[in-house]
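As stored in data_15.txt (compact mmCIF, C-alpha atoms):
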```txt
# COMPACT_ATOMS: atom_id res chain seq x y z
CA MET A 109 -43.89 210.76 145.37
CA SER A 110 -46.15 212.96 147.47
CA ARG A 111 -48.29 213.79 144.43
CA LEU A 112 -48.63 210.08 143.59
CA ALA A 113 -49.58 209.22 147.14
CA SER A 114 -52.10 212.04 147.29
CA SER A 115 -53.66 210.98 143.97
CA ARG A 116 -54.01 207.45 145.27
CA THR A 117 -55.60 208.76 148.42
CA ARG A 118 -58.07 210.92 146.49
CA ARG A 119 -59.11 208.01 144.30
CA GLY A 120 -59.31 205.67 147.29
CA VAL A 121 -58.15 202.62 145.23
CA ASP A 122 -54.61 201.45 144.67
CA PRO A 123 -54.03 201.06 140.91
CA ALA A 124 -52.24 197.78 141.59
CA ALA A 125 -55.42 196.40 143.13
CA SER A 126 -57.78 197.57 140.37
CA GLY A 127 -56.99 194.50 138.27
CA TYR A 128 -58.09 192.21 141.08
CA LEU A 129 -61.35 194.14 141.38
CA PHE A 130 -62.08 193.60 137.69
CA VAL A 131 -61.31 189.88 137.98
CA ALA A 132 -63.20 189.39 141.24
CA PRO A 133 -66.71 188.96 139.72
CA PHE A 134 -65.48 186.24 137.37
CA MET A 135 -63.57 184.48 140.15
CA LEU A 136 -66.65 184.49 142.38
CA VAL A 137 -68.85 183.01 139.66
CA PHE A 138 -66.11 180.54 138.71
CA ALA A 139 -65.77 179.38 142.31
CA ALA A 140 -69.54 179.17 142.86
CA LEU A 141 -70.37 177.31 139.62
CA LEU A 142 -67.28 175.13 139.13
CA VAL A 143 -64.88 174.88 142.07
CA LEU A 144 -67.44 174.40 144.84
CA PRO A 145 -69.57 171.84 142.90
CA LEU A 146 -66.41 169.86 142.07
CA ALA A 147 -65.30 169.95 145.69
CA TYR A 148 -68.74 168.82 146.84
CA ALA A 149 -68.81 166.01 144.26
CA ALA A 150 -65.36 164.88 145.43
CA TYR A 151 -66.68 164.88 148.99
CA LEU A 152 -69.73 162.82 148.01
CA SER A 153 -67.58 160.28 146.17
CA LEU A 154 -65.93 159.30 149.47
CA PHE A 155 -69.19 158.11 151.07
CA GLN A 156 -71.70 155.31 150.56
CA ASP A 157 -75.39 154.94 151.39
CA ARG A 158 -76.10 151.65 153.13
CA LEU A 159 -79.33 150.08 154.32
CA ILE A 160 -77.82 149.56 157.74
CA GLY A 161 -75.88 152.49 159.07
CA GLY A 162 -77.00 155.11 156.54
CA THR A 163 -74.33 157.25 154.93
CA VAL A 164 -70.87 156.09 155.97
CA PHE A 165 -67.35 157.08 155.01
CA ALA A 166 -66.03 154.65 152.39
CA GLY A 167 -62.75 156.23 151.37
CA LEU A 168 -61.77 155.09 147.87
CA ASP A 169 -64.15 152.10 147.77
CA ASN A 170 -66.37 153.77 145.15
CA TYR A 171 -63.37 154.33 142.89
CA VAL A 172 -62.19 150.74 143.30
CA THR A 173 -65.68 149.50 142.46
CA ALA A 174 -65.84 151.76 139.39
CA LEU A 175 -62.50 150.48 138.10
CA HIS A 176 -63.97 146.96 138.07
CA ASP A 177 -67.40 147.98 136.75
CA GLU A 178 -67.88 146.13 133.45
CA ARG A 179 -70.61 148.48 132.24
CA LEU A 180 -68.44 151.53 132.82
CA LEU A 181 -65.41 149.95 131.12
CA GLN A 182 -67.51 148.91 128.13
CA GLY A 183 -68.86 152.44 127.86
CA VAL A 184 -65.36 153.92 127.90
CA LEU A 185 -64.21 151.51 125.19
CA ARG A 186 -67.30 152.33 123.13
CA VAL A 187 -66.69 156.09 123.17
CA ALA A 188 -62.99 155.46 122.43
CA LYS A 189 -64.08 153.52 119.34
CA PHE A 190 -66.48 156.35 118.49
CA PHE A 191 -63.61 158.85 118.75
CA ALA A 192 -61.27 156.71 116.63
CA PHE A 193 -63.47 156.76 113.51
CA GLN A 194 -65.66 159.86 113.94
CA VAL A 195 -63.08 162.53 114.75
CA PRO A 196 -60.72 161.90 111.78
CA ILE A 197 -63.66 162.07 109.37
CA MET A 198 -65.03 165.25 110.93
CA LEU A 199 -61.65 167.02 111.04
CA ALA A 200 -60.88 165.99 107.45
CA ILE A 201 -64.16 167.48 106.22
CA SER A 202 -63.58 170.62 108.30
CA LEU A 203 -60.07 171.02 106.91
CA LEU A 204 -61.17 170.56 103.31
CA ALA A 205 -63.99 173.07 103.79
CA ALA A 206 -61.63 175.61 105.39
CA LEU A 207 -59.11 175.18 102.56
CA ALA A 208 -61.85 175.58 99.96
CA VAL A 209 -63.10 178.81 101.52
CA ASP A 210 -59.58 180.17 101.98
CA SER A 211 -58.57 179.38 98.39
CA GLY A 212 -60.67 182.23 97.02
CA LEU A 213 -61.76 180.04 94.12
CA LEU A 214 -65.03 178.94 95.68
CA ARG A 215 -68.13 180.64 94.35
CA PHE A 216 -70.61 181.90 96.95
CA ALA A 217 -67.99 181.35 99.64
CA LYS A 218 -69.93 183.32 102.27
CA ALA A 219 -73.09 181.28 101.68
CA PHE A 220 -71.07 178.06 101.82
CA ARG A 221 -69.36 179.11 105.06
CA LEU A 222 -72.68 180.07 106.64
CA GLY A 223 -74.38 176.89 105.47
CA ILE A 224 -71.72 174.58 106.90
CA PHE A 225 -71.55 176.50 110.19
CA LEU A 226 -75.32 176.77 110.66
CA PRO A 227 -75.80 173.25 112.15
CA TYR A 228 -73.57 174.25 115.07
CA ALA A 229 -76.22 176.82 116.03
CA VAL A 230 -78.79 174.02 116.33
CA PRO A 231 -78.92 172.64 119.91
CA SER A 232 -77.80 169.02 120.28
CA VAL A 233 -81.24 168.00 121.54
CA VAL A 234 -82.99 169.45 118.48
CA ALA A 235 -80.41 167.96 116.12
CA THR A 236 -80.78 164.50 117.67
CA LEU A 237 -84.57 164.66 117.51
CA MET A 238 -84.40 165.70 113.86
CA TRP A 239 -81.99 162.94 112.88
CA GLY A 240 -83.92 160.46 115.02
CA TYR A 241 -86.96 161.20 112.88
CA LEU A 242 -84.92 160.67 109.72
CA TYR A 243 -83.54 157.39 111.11
CA GLY A 244 -86.97 156.11 112.15
CA PRO A 245 -87.55 152.57 110.81
CA ASP A 246 -91.34 153.01 110.65
CA PHE A 247 -92.08 156.71 110.25
CA GLY A 248 -88.86 158.19 108.84
CA PRO A 249 -88.72 159.52 105.28
CA VAL A 250 -85.88 157.14 104.40
CA ALA A 251 -87.95 154.15 105.51
CA GLN A 252 -90.99 155.45 103.63
CA LEU A 253 -88.95 155.96 100.46
CA ALA A 254 -87.48 152.46 100.73
CA ASP A 255 -90.96 151.01 101.25
CA LYS A 256 -92.23 152.87 98.19
CA PHE A 257 -89.62 151.14 96.04
CA GLY A 258 -90.14 147.79 97.72
CA LEU A 259 -86.79 147.80 99.47
CA ALA A 260 -85.88 147.00 103.03
CA ALA A 261 -85.47 150.10 105.21
CA PRO A 262 -81.90 150.73 106.40
CA LYS A 263 -81.53 149.81 110.06
CA PHE A 264 -79.85 153.01 111.21
CA LEU A 265 -80.81 152.33 114.84
CA SER A 266 -79.62 148.72 114.97
CA ASP A 267 -76.73 147.59 117.14
CA GLY A 268 -74.30 147.50 114.24
CA TRP A 269 -75.25 150.92 112.90
CA MET A 270 -75.87 152.90 116.10
CA LEU A 271 -72.38 154.30 116.61
CA GLY A 272 -72.21 155.32 112.96
CA SER A 273 -75.62 156.99 113.21
CA MET A 274 -74.53 158.99 116.25
CA ALA A 275 -71.23 159.83 114.56
CA ASN A 276 -73.17 161.25 111.63
CA ILE A 277 -75.17 163.50 113.99
CA VAL A 278 -72.06 164.76 115.81
CA THR A 279 -70.21 165.32 112.52
CA TRP A 280 -73.16 167.29 111.14
CA GLU A 281 -73.22 169.43 114.29
CA PHE A 282 -69.54 170.25 114.78
CA THR A 283 -67.94 170.25 111.33
CA GLY A 284 -68.75 173.94 110.86
CA TYR A 285 -67.39 174.83 114.30
CA ASN A 286 -64.03 173.24 113.55
CA MET A 287 -64.02 174.73 110.06
CA ILE A 288 -64.29 178.26 111.51
CA ILE A 289 -61.32 177.62 113.82
CA LEU A 290 -59.20 176.29 110.95
CA TYR A 291 -60.29 179.05 108.57
CA ALA A 292 -59.34 181.72 111.13
CA ALA A 293 -55.91 180.09 111.45
CA LEU A 294 -55.51 180.06 107.67
CA ARG A 295 -56.26 183.77 107.48
CA ALA A 296 -53.35 184.40 109.85
CA VAL A 297 -50.79 182.68 107.61
CA PRO A 298 -48.43 185.31 106.10
CA HIS A 299 -49.11 185.90 102.40
CA GLU A 300 -45.38 186.10 101.74
CA LEU A 301 -45.25 182.31 102.06
CA TYR A 302 -47.86 181.92 99.32
CA GLU A 303 -45.97 184.34 97.08
CA ALA A 304 -42.73 182.44 97.58
CA ALA A 305 -44.49 179.15 96.79
CA ALA A 306 -45.97 180.66 93.61
CA VAL A 307 -42.52 181.84 92.52
CA ASP A 308 -41.21 178.29 93.01
CA GLY A 309 -44.02 176.99 90.80
CA ALA A 310 -46.12 175.34 93.50
CA GLY A 311 -49.75 174.75 92.58
CA ALA A 312 -52.79 175.09 94.78
CA TRP A 313 -52.65 171.52 96.14
CA ARG A 314 -48.90 171.70 96.77
CA THR A 315 -49.31 175.01 98.59
CA ALA A 316 -52.09 173.60 100.74
CA TRP A 317 -50.12 170.47 101.62
CA SER A 318 -46.70 172.03 102.20
CA ILE A 319 -47.58 175.48 103.59
CA LYS A 320 -51.17 175.84 104.77
CA ILE A 321 -51.64 172.58 106.66
CA PRO A 322 -48.28 172.74 108.51
CA ALA A 323 -48.95 176.40 109.38
CA ILE A 324 -52.29 175.62 111.05
CA ARG A 325 -51.07 172.55 112.97
CA PRO A 326 -51.71 174.26 116.36
CA ALA A 327 -55.32 174.95 115.32
CA LEU A 328 -55.73 171.34 114.22
CA LEU A 329 -54.36 170.20 117.57
CA LEU A 330 -56.82 172.48 119.36
CA CYS A 331 -59.73 170.98 117.40
CA LEU A 332 -58.44 167.49 118.19
CA ILE A 333 -58.32 168.22 121.93
CA PHE A 334 -61.85 169.64 121.84
CA SER A 335 -62.95 166.49 120.02
CA VAL A 336 -61.35 164.23 122.64
CA ILE A 337 -63.26 166.01 125.39
CA GLY A 338 -66.52 166.03 123.43
CA SER A 339 -66.33 162.35 122.50
CA PHE A 340 -65.90 161.15 126.07
CA GLN A 341 -68.71 163.46 127.21
CA LEU A 342 -71.19 162.06 124.69
CA PHE A 343 -74.61 162.27 126.32
CA ALA A 344 -77.45 164.03 124.49
CA GLU A 345 -77.38 161.81 121.41
CA PRO A 346 -77.51 158.40 123.17
CA ASN A 347 -79.92 159.70 125.79
CA LEU A 348 -82.49 160.73 123.18
CA LEU A 349 -81.93 157.88 120.74
CA GLN A 350 -82.45 155.46 123.63
CA ARG A 351 -86.20 156.13 123.32
CA LEU A 352 -86.11 154.92 119.73
CA ALA A 353 -83.82 151.93 120.31
CA PRO A 354 -84.07 150.84 123.97
CA SER A 355 -82.80 147.36 123.14
CA VAL A 356 -79.59 148.80 121.65
CA ILE A 357 -78.79 151.72 123.97
CA ASP A 358 -78.86 150.79 127.63
CA SER A 359 -78.12 153.02 130.62
CA GLY A 360 -74.39 152.29 130.38
CA TYR A 361 -73.96 152.95 126.66
CA THR A 362 -71.64 155.90 127.35
CA PRO A 363 -69.91 156.85 130.63
CA ASN A 364 -71.77 160.16 130.89
CA LEU A 365 -75.12 158.45 130.37
CA TYR A 366 -74.14 155.84 132.95
CA ALA A 367 -73.25 158.46 135.57
CA TYR A 368 -76.50 160.33 134.87
CA THR A 369 -78.57 157.15 135.25
CA LEU A 370 -76.80 156.21 138.47
CA ALA A 371 -77.41 159.63 140.01
CA PHE A 372 -80.95 160.46 138.88
CA THR A 373 -82.55 157.07 138.30
CA GLY A 374 -80.70 154.72 140.63
CA GLN A 375 -80.21 157.39 143.33
CA GLN A 376 -76.57 156.28 143.71
CA VAL A 377 -75.22 159.80 143.97
CA ASN A 378 -72.00 158.86 145.72
CA TYR A 379 -71.04 156.20 143.20
CA ALA A 380 -72.04 158.48 140.30
CA ALA A 381 -69.70 161.16 141.65
CA ALA A 382 -66.82 158.67 141.69
CA VAL A 383 -67.64 157.57 138.12
CA SER A 384 -67.66 161.21 137.00
CA PHE A 385 -64.24 161.88 138.50
CA LEU A 386 -62.80 158.77 136.89
CA LEU A 387 -64.24 159.89 133.55
CA GLY A 388 -62.54 163.25 134.04
CA ALA A 389 -59.26 161.44 134.70
CA VAL A 390 -59.70 159.43 131.49
CA ILE A 391 -60.27 162.65 129.52
CA VAL A 392 -57.15 164.24 131.03
CA VAL A 393 -55.03 161.18 130.21
CA ALA A 394 -56.42 160.94 126.67
CA SER A 395 -55.85 164.65 126.02
CA TYR A 396 -52.30 164.51 127.38
CA THR A 397 -51.58 161.44 125.25
CA VAL A 398 -52.76 163.23 122.12
CA LEU A 399 -50.62 166.26 122.98
CA PHE A 400 -47.58 164.12 123.73
CA VAL A 401 -47.83 162.07 120.54
CA THR A 402 -48.50 165.11 118.36
CA ASN A 403 -45.65 167.17 119.81
CA ARG A 404 -43.27 164.23 119.52
CA ARG A 405 -44.09 163.77 115.84
CA SER A 406 -43.74 167.49 115.13
CA LYS A 407 -40.20 167.51 116.58
CA ARG A 408 -39.02 164.77 114.21
```

Starting from the coordinates I provided, produce the structure as structure tokens.
Amino acid sequence: MSRLASSRTRRGVDPAASGYLFVAPFMLVFAALLVLPLAYAAYLSLFQDRLIGGTVFAGLDNYVTALHDERLLQGVLRVAKFFAFQVPIMLAISLLAALAVDSGLLRFAKAFRLGIFLPYAVPSVVATLMWGYLYGPDFGPVAQLADKFGLAAPKFLSDGWMLGSMANIVTWEFTGYNMIILYAALRAVPHELYEAAAVDGAGAWRTAWSIKIPAIRPALLLCLIFSVIGSFQLFAEPNLLQRLAPSVIDSGYTPNLYAYTLAFTGQQVNYAAAVSFLLGAVIVVASYTVLFVTNRRSKR
């Protein structure tokens, strides 16, 4: 005991406290960049700026107003609709790509994997600008090709097509990201299961359906949760496409765009903070609902 105490004294640091010292830099940055801004935003959401009286304490009035805000509610319903049809398509493509790479039958598998993952390395702003050019009704290559053949140019930026056009951009960006997650999960599946399936006479499709997909269900659930969060935080795509279709995308097209416009254009910082916290609550509820439904089905 005396030797241990003397060694601690010579080093000057208790080994039990060394872990906290290693974690301390992260905790400081985490508190400065996340906890404190959230606390300040929560504080701002409890006040209102008025012409007479200046900034006054409003309690939960901003939240009550947001719950009855038609533009906010329409934006939430719009991104929910976006999630309902975009995410299943994206995850299905990611799963098929991961299964194809993992099968070992795909030629140039490394080039295929790199090619499908590469769009994820493109920033969302650049990707939206690129696809906005392709969607352009006057200057885009699709419109020019249609004009060359005497056909009407597809109205990718019209009201009926806008969600689908944005879904195409997001799918192009994040399919490779989800594919890498699913492929990594497939590589962790024990090969003994494949050997047993081969002995039983299972083919490639039967093995994928009965062994591979059930084995990577946690990875699929992880991708689904990430997609829930990403869908409700949709911002860059509508913000940039708004320049090309201002009559279709207004300031309340998505909740994130609405909060941004309130804060930086309308100077309604307090109300924007309340809208942001309500959006966070919607994301938490949606994520928990997905987890609850998925876990309940897996137990059956």

Any idea what's packed within 9 Å of Ile288 in chain A, counting only C-alpha atoms, ignoring anything in its chain fewer than 6 positions away? Could you give it as an MDAnalysis selection string? chainID A and resid 202 206 221 225

For CA of Ala293 in chain A and CA of Ala205 in chain A, quote the distance in Å rounded to one decimal.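 Taking CA of Ala293 in chain A as the start and CA of Ala205 in chain A as the end point, the length is 13.2 Å.
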
Considering all atoms listed in the file, give me a table of residues in range 274-344 of chain A that are at most 9 Å from range 352-366 of chain A, with the closest atom pair and distance in Å for each, as a tab-separated table.
```
residue	atom	partner	partner_atom	distance
A:Phe340	CA	A:Pro363	CA	7.4
A:Gln341	CA	A:Asn364	CA	5.8
A:Leu342	CA	A:Asn364	CA	6.5
A:Phe343	CA	A:Leu365	CA	5.6
A:Ala344	CA	A:Leu365	CA	8.4
```

Using all atoms listed in the file and a cutoff of 12 Å, can you tell me which residues are near (-60.3, 161.8, 114.0) in the file's coordinates, and write them out as a short mmCIF file (atom, residue, chain, number, x, y, z; two decimals) with C-alpha atoms, in the coordinates of the input?
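Here's the written file selection-v3.cif:
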```
data_model
loop_
_atom_site.label_atom_id
_atom_site.label_comp_id
_atom_site.auth_asym_id
_atom_site.auth_seq_id
_atom_site.Cartn_x
_atom_site.Cartn_y
_atom_site.Cartn_z
CA ALA A 188 -62.99 155.46 122.43
CA LYS A 189 -64.08 153.52 119.34
CA PHE A 190 -66.48 156.35 118.49
CA PHE A 191 -63.61 158.85 118.75
CA ALA A 192 -61.27 156.71 116.63
CA PHE A 193 -63.47 156.76 113.51
CA GLN A 194 -65.66 159.86 113.94
CA VAL A 195 -63.08 162.53 114.75
CA PRO A 196 -60.72 161.90 111.78
CA ILE A 197 -63.66 162.07 109.37
CA MET A 198 -65.03 165.25 110.93
CA LEU A 199 -61.65 167.02 111.04
CA ALA A 200 -60.88 165.99 107.45
CA ILE A 201 -64.16 167.48 106.22
CA SER A 202 -63.58 170.62 108.30
CA LEU A 203 -60.07 171.02 106.91
CA ALA A 275 -71.23 159.83 114.56
CA THR A 279 -70.21 165.32 112.52
CA THR A 283 -67.94 170.25 111.33
CA LEU A 328 -55.73 171.34 114.22
CA LEU A 329 -54.36 170.20 117.57
CA CYS A 331 -59.73 170.98 117.40
CA LEU A 332 -58.44 167.49 118.19
CA ILE A 333 -58.32 168.22 121.93
CA PHE A 334 -61.85 169.64 121.84
CA SER A 335 -62.95 166.49 120.02
CA VAL A 336 -61.35 164.23 122.64
CA SER A 339 -66.33 162.35 122.50
CA VAL A 398 -52.76 163.23 122.12
#
```

I'd like the interatomic distance between CA of Leu180 in chain A and CA of Pro245 in chain A, to a tenth of an Å.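 We find that CA of Leu180 in chain A and CA of Pro245 in chain A lie 29.2 Å from each other.
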
Contacts of range 156-172 of chain A within 10 Å, all atoms listed in the file, excl. fewer than 5 positions in-chain, as a PDB file with C-alpha atoms, in the coordinates of the input:
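File out13.pdb, as written:
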```
ATOM      1  CA  TYR A 151     -66.680 164.880 148.990  1.00  0.00           C
ATOM      2  CA  ASP A 177     -67.400 147.980 136.750  1.00  0.00           C
ATOM      3  CA  GLN A 375     -80.210 157.390 143.330  1.00  0.00           C
ATOM      4  CA  GLN A 376     -76.570 156.280 143.710  1.00  0.00           C
ATOM      5  CA  VAL A 377     -75.220 159.800 143.970  1.00  0.00           C
ATOM      6  CA  ASN A 378     -72.000 158.860 145.720  1.00  0.00           C
ATOM      7  CA  TYR A 379     -71.040 156.200 143.200  1.00  0.00           C
ATOM      8  CA  ALA A 380     -72.040 158.480 140.300  1.00  0.00           C
ATOM      9  CA  ALA A 381     -69.700 161.160 141.650  1.00  0.00           C
ATOM     10  CA  ALA A 382     -66.820 158.670 141.690  1.00  0.00           C
ATOM     11  CA  VAL A 383     -67.640 157.570 138.120  1.00  0.00           C
ATOM     12  CA  PHE A 385     -64.240 161.880 138.500  1.00  0.00           C
ATOM     13  CA  LEU A 386     -62.800 158.770 136.890  1.00  0.00           C
TER      14      LEU A 386
END
```

CA of Val209 in chain A and CA of Leu222 in chain A, how far apart in Å?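 CA of Val209 in chain A lies 10.9 Å from CA of Leu222 in chain A.
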
Of the candidates A:Tyr228, A:Val393, A:Leu213, A:Ala261, which shows the shortest atom-to-atom distance to Phe247 in chain A, using all atoms listed in the file?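 Closest to Phe247 in chain A of all the choices is A:Ala261.
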
Fewer than 5 positions away in the same chain doesn't count, so skip those; otherwise give me all residues within 10 Å of Leu330 in chain A, counting all atoms listed in the file, as a ChimeraX atom specification. /A:286,289-290,324-325,335-336,399

I want to know what sits within 12 Å of range 313-323 of chain A, based on only C-alpha atoms, with residues of the same chain fewer than 2 positions away left out; could you give that as a PDB file with C-alpha atoms, keeping the file's coordinate frame?
```
ATOM      1  CA  ALA A 200     -60.880 165.990 107.450  1.00  0.00           C
ATOM      2  CA  LEU A 203     -60.070 171.020 106.910  1.00  0.00           C
ATOM      3  CA  LEU A 204     -61.170 170.560 103.310  1.00  0.00           C
ATOM      4  CA  ALA A 206     -61.630 175.610 105.390  1.00  0.00           C
ATOM      5  CA  LEU A 207     -59.110 175.180 102.560  1.00  0.00           C
ATOM      6  CA  ALA A 208     -61.850 175.580  99.960  1.00  0.00           C
ATOM      7  CA  ASP A 210     -59.580 180.170 101.980  1.00  0.00           C
ATOM      8  CA  SER A 211     -58.570 179.380  98.390  1.00  0.00           C
ATOM      9  CA  LEU A 290     -59.200 176.290 110.950  1.00  0.00           C
ATOM     10  CA  TYR A 291     -60.290 179.050 108.570  1.00  0.00           C
ATOM     11  CA  ALA A 292     -59.340 181.720 111.130  1.00  0.00           C
ATOM     12  CA  ALA A 293     -55.910 180.090 111.450  1.00  0.00           C
ATOM     13  CA  LEU A 294     -55.510 180.060 107.670  1.00  0.00           C
ATOM     14  CA  ARG A 295     -56.260 183.770 107.480  1.00  0.00           C
ATOM     15  CA  ALA A 296     -53.350 184.400 109.850  1.00  0.00           C
ATOM     16  CA  VAL A 297     -50.790 182.680 107.610  1.00  0.00           C
ATOM     17  CA  PRO A 298     -48.430 185.310 106.100  1.00  0.00           C
ATOM     18  CA  HIS A 299     -49.110 185.900 102.400  1.00  0.00           C
ATOM     19  CA  GLU A 300     -45.380 186.100 101.740  1.00  0.00           C
ATOM     20  CA  LEU A 301     -45.250 182.310 102.060  1.00  0.00           C
ATOM     21  CA  TYR A 302     -47.860 181.920  99.320  1.00  0.00           C
ATOM     22  CA  GLU A 303     -45.970 184.340  97.080  1.00  0.00           C
ATOM     23  CA  ALA A 304     -42.730 182.440  97.580  1.00  0.00           C
ATOM     24  CA  ALA A 305     -44.490 179.150  96.790  1.00  0.00           C
ATOM     25  CA  ALA A 306     -45.970 180.660  93.610  1.00  0.00           C
ATOM     26  CA  VAL A 307     -42.520 181.840  92.520  1.00  0.00           C
ATOM     27  CA  ASP A 308     -41.210 178.290  93.010  1.00  0.00           C
ATOM     28  CA  GLY A 309     -44.020 176.990  90.800  1.00  0.00           C
ATOM     29  CA  ALA A 310     -46.120 175.340  93.500  1.00  0.00           C
ATOM     30  CA  GLY A 311     -49.750 174.750  92.580  1.00  0.00           C
ATOM     31  CA  ARG A 325     -51.070 172.550 112.970  1.00  0.00           C
ATOM     32  CA  PRO A 326     -51.710 174.260 116.360  1.00  0.00           C
ATOM     33  CA  ALA A 327     -55.320 174.950 115.320  1.00  0.00           C
ATOM     34  CA  LEU A 328     -55.730 171.340 114.220  1.00  0.00           C
ATOM     35  CA  LEU A 329     -54.360 170.200 117.570  1.00  0.00           C
ATOM     36  CA  SER A 406     -43.740 167.490 115.130  1.00  0.00           C
TER      37      SER A 406
END
```
